[in-house]
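Visitor: Let me begin by handing over the structure; questions about it come next.
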Amino acid sequence: MERHYDFSQNKECEYFPCHKGADPETFSCLFCYCPLYALGDQCGGNFKYTANGIKDCSDCLIPHRRENYNRIMEKMSGIIELARKKD
């Protein structure tokens with residue numbers, strides 16, 4: 001069974017592909033804004049922090065590869081916990 005929910009591409013986007021060295025044929029835009037960014041150093045991606053302390057994910061292709069869809073979804077519980085209403 002072919003899956004279609006784990007990959008999306010917008011070749012008309014003026015930034016496509018938005019990461020240097022990315023293969024345009026396999027680049028997925030599904031997680032254009034990585035949902036794991038908010039996990040900081042626990043995201044599991046290839047990131048660095050700038051001198052100003054800003055997380056820089058420009059070298060990370062994890063959310064842009066179809067084979068990492070499940071990897072992203074497994075970490076969504078951490079995102080849900082961050083967004084959970086605190087009393």
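By convention in this document, the chains of the structure tokens carry letters A, B, ... by their order, each chain's residues are numbered from 1, and ligands are numbered from 1 in the order they are shown.
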Ala22 (chain A): which residues within 10 Å, counting only C-alpha atoms, same-chain residues fewer than 6 positions away excluded, as a PyMOL selection string?
Guide: chain A and resi 16+28+59-61+64-65
Visitor: With only C-alpha atoms as the counted atoms, please give the residues lying no more than 12 Å from Met73 (chain A), apart from itself and same-chain residues fewer than 4 positions off, as a tab-separated table (two decimals) with N, CA and C atoms, in the first residue's frame.
Guide:
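In the end it all went to out-v4.tsv:
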```
chain	number	residue	atom	x	y	z
A	6	ASP	N	2.53	11.07	4.42
A	6	ASP	CA	3.81	11.35	5.04
A	6	ASP	C	4.77	12.14	4.17
A	31	PHE	N	6.68	19.12	6.97
A	31	PHE	CA	6.99	19.80	8.23
A	31	PHE	C	7.84	21.03	7.92
A	34	CYS	N	9.41	22.91	11.51
A	34	CYS	CA	9.58	21.67	12.26
A	34	CYS	C	8.82	21.73	13.59
A	35	PRO	N	7.93	20.78	13.84
A	35	PRO	CA	7.20	20.77	15.10
A	35	PRO	C	8.09	20.47	16.29
A	36	LEU	N	9.29	19.94	16.04
A	36	LEU	CA	10.18	19.59	17.15
A	36	LEU	C	11.08	20.74	17.59
A	43	CYS	N	15.26	17.74	20.60
A	43	CYS	CA	14.56	17.45	19.35
A	43	CYS	C	15.14	16.25	18.61
A	63	PRO	N	13.27	16.58	9.33
A	63	PRO	CA	11.84	16.71	9.05
A	63	PRO	C	11.51	16.76	7.55
A	66	ARG	N	11.03	11.79	3.96
A	66	ARG	CA	9.86	10.94	4.15
A	66	ARG	C	10.11	9.84	5.18
A	67	GLU	N	11.27	9.25	5.16
A	67	GLU	CA	11.56	8.13	6.07
A	67	GLU	C	11.62	8.55	7.54
A	68	ASN	N	11.62	9.83	7.82
A	68	ASN	CA	11.65	10.31	9.21
A	68	ASN	C	10.28	10.70	9.74
A	69	TYR	N	9.23	10.49	8.97
A	69	TYR	CA	7.88	10.85	9.42
A	69	TYR	C	7.56	10.22	10.78
A	77	SER	N	4.50	13.61	21.45
A	77	SER	CA	4.01	13.63	22.84
A	77	SER	C	4.73	14.71	23.65
A	78	GLY	N	5.99	14.95	23.34
A	78	GLY	CA	6.72	16.02	24.01
A	78	GLY	C	6.17	17.39	23.66
A	79	ILE	N	5.77	17.57	22.43
A	79	ILE	CA	5.16	18.84	21.99
A	79	ILE	C	3.80	19.02	22.67
A	80	ILE	N	3.04	17.94	22.70
A	80	ILE	CA	1.73	18.00	23.36
A	80	ILE	C	1.88	18.37	24.83
```
Visitor: When you draw a straight line from CA of Asp41 (chain A) to CA of Ala83 (chain A), how long is it in Å?
Guide: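 Result for CA of Asp41 (chain A) versus CA of Ala83 (chain A): 17.3 Å, one decimal.
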Visitor: Can you pull out the residues contacting region 8-15 of chain A? Cut-off 9 Å, using only C-alpha atoms, and skip same-chain residues under 2 positions away; I want them as an mmCIF file with N, CA, C and O atoms, in the first residue's frame.
Guide:
```cif
data_model
loop_
_atom_site.group_PDB
_atom_site.id
_atom_site.type_symbol
_atom_site.label_atom_id
_atom_site.label_comp_id
_atom_site.auth_asym_id
_atom_site.auth_seq_id
_atom_site.Cartn_x
_atom_site.Cartn_y
_atom_site.Cartn_z
ATOM 1 N N HIS A 4 0.437 8.354 1.288
ATOM 2 C CA HIS A 4 0.512 9.713 0.756
ATOM 3 C C HIS A 4 0.531 10.769 1.857
ATOM 4 O O HIS A 4 0.851 11.921 1.590
ATOM 5 N N TYR A 5 0.222 10.389 3.078
ATOM 6 C CA TYR A 5 0.110 11.358 4.176
ATOM 7 C C TYR A 5 1.461 11.789 4.737
ATOM 8 O O TYR A 5 1.536 12.767 5.469
ATOM 9 N N ASP A 6 2.527 11.065 4.421
ATOM 10 C CA ASP A 6 3.815 11.348 5.043
ATOM 11 C C ASP A 6 4.773 12.144 4.170
ATOM 12 O O ASP A 6 5.950 12.279 4.473
ATOM 13 N N PRO A 17 14.229 24.064 -2.643
ATOM 14 C CA PRO A 17 14.230 23.521 -1.278
ATOM 15 C C PRO A 17 14.966 24.485 -0.357
ATOM 16 O O PRO A 17 15.929 25.115 -0.763
ATOM 17 N N CYS A 18 14.502 24.604 0.833
ATOM 18 C CA CYS A 18 14.984 25.653 1.739
ATOM 19 C C CYS A 18 16.270 25.290 2.488
ATOM 20 O O CYS A 18 16.735 26.079 3.296
ATOM 21 N N HIS A 19 16.831 24.129 2.249
ATOM 22 C CA HIS A 19 18.086 23.731 2.895
ATOM 23 C C HIS A 19 19.139 23.443 1.833
ATOM 24 O O HIS A 19 18.862 22.743 0.857
ATOM 25 N N PRO A 24 16.147 17.962 -4.311
ATOM 26 C CA PRO A 24 14.811 18.477 -4.612
ATOM 27 C C PRO A 24 13.786 17.399 -4.932
ATOM 28 O O PRO A 24 12.596 17.594 -4.742
ATOM 29 N N THR A 26 13.472 14.438 -3.445
ATOM 30 C CA THR A 26 13.010 13.726 -2.248
ATOM 31 C C THR A 26 12.709 14.656 -1.085
ATOM 32 O O THR A 26 12.362 14.197 0.000
ATOM 33 N N PHE A 27 12.829 15.960 -1.291
ATOM 34 C CA PHE A 27 12.625 16.943 -0.224
ATOM 35 C C PHE A 27 11.142 17.085 0.098
ATOM 36 O O PHE A 27 10.333 17.414 -0.753
ATOM 37 N N SER A 28 10.791 16.857 1.355
ATOM 38 C CA SER A 28 9.404 16.979 1.799
ATOM 39 C C SER A 28 9.187 18.300 2.525
ATOM 40 O O SER A 28 9.959 18.677 3.405
ATOM 41 N N CYS A 29 8.110 18.965 2.165
ATOM 42 C CA CYS A 29 7.727 20.230 2.798
ATOM 43 C C CYS A 29 6.677 20.017 3.888
ATOM 44 O O CYS A 29 6.193 20.991 4.472
ATOM 45 N N LEU A 30 6.335 18.761 4.160
ATOM 46 C CA LEU A 30 5.265 18.464 5.116
ATOM 47 C C LEU A 30 5.472 19.176 6.447
ATOM 48 O O LEU A 30 4.558 19.758 6.998
ATOM 49 N N PHE A 31 6.680 19.115 6.970
ATOM 50 C CA PHE A 31 6.994 19.795 8.225
ATOM 51 C C PHE A 31 7.835 21.026 7.919
ATOM 52 O O PHE A 31 8.946 21.184 8.404
ATOM 53 N N ARG A 66 11.033 11.789 3.959
ATOM 54 C CA ARG A 66 9.855 10.942 4.147
ATOM 55 C C ARG A 66 10.108 9.845 5.183
ATOM 56 O O ARG A 66 9.258 9.564 6.011
#
```
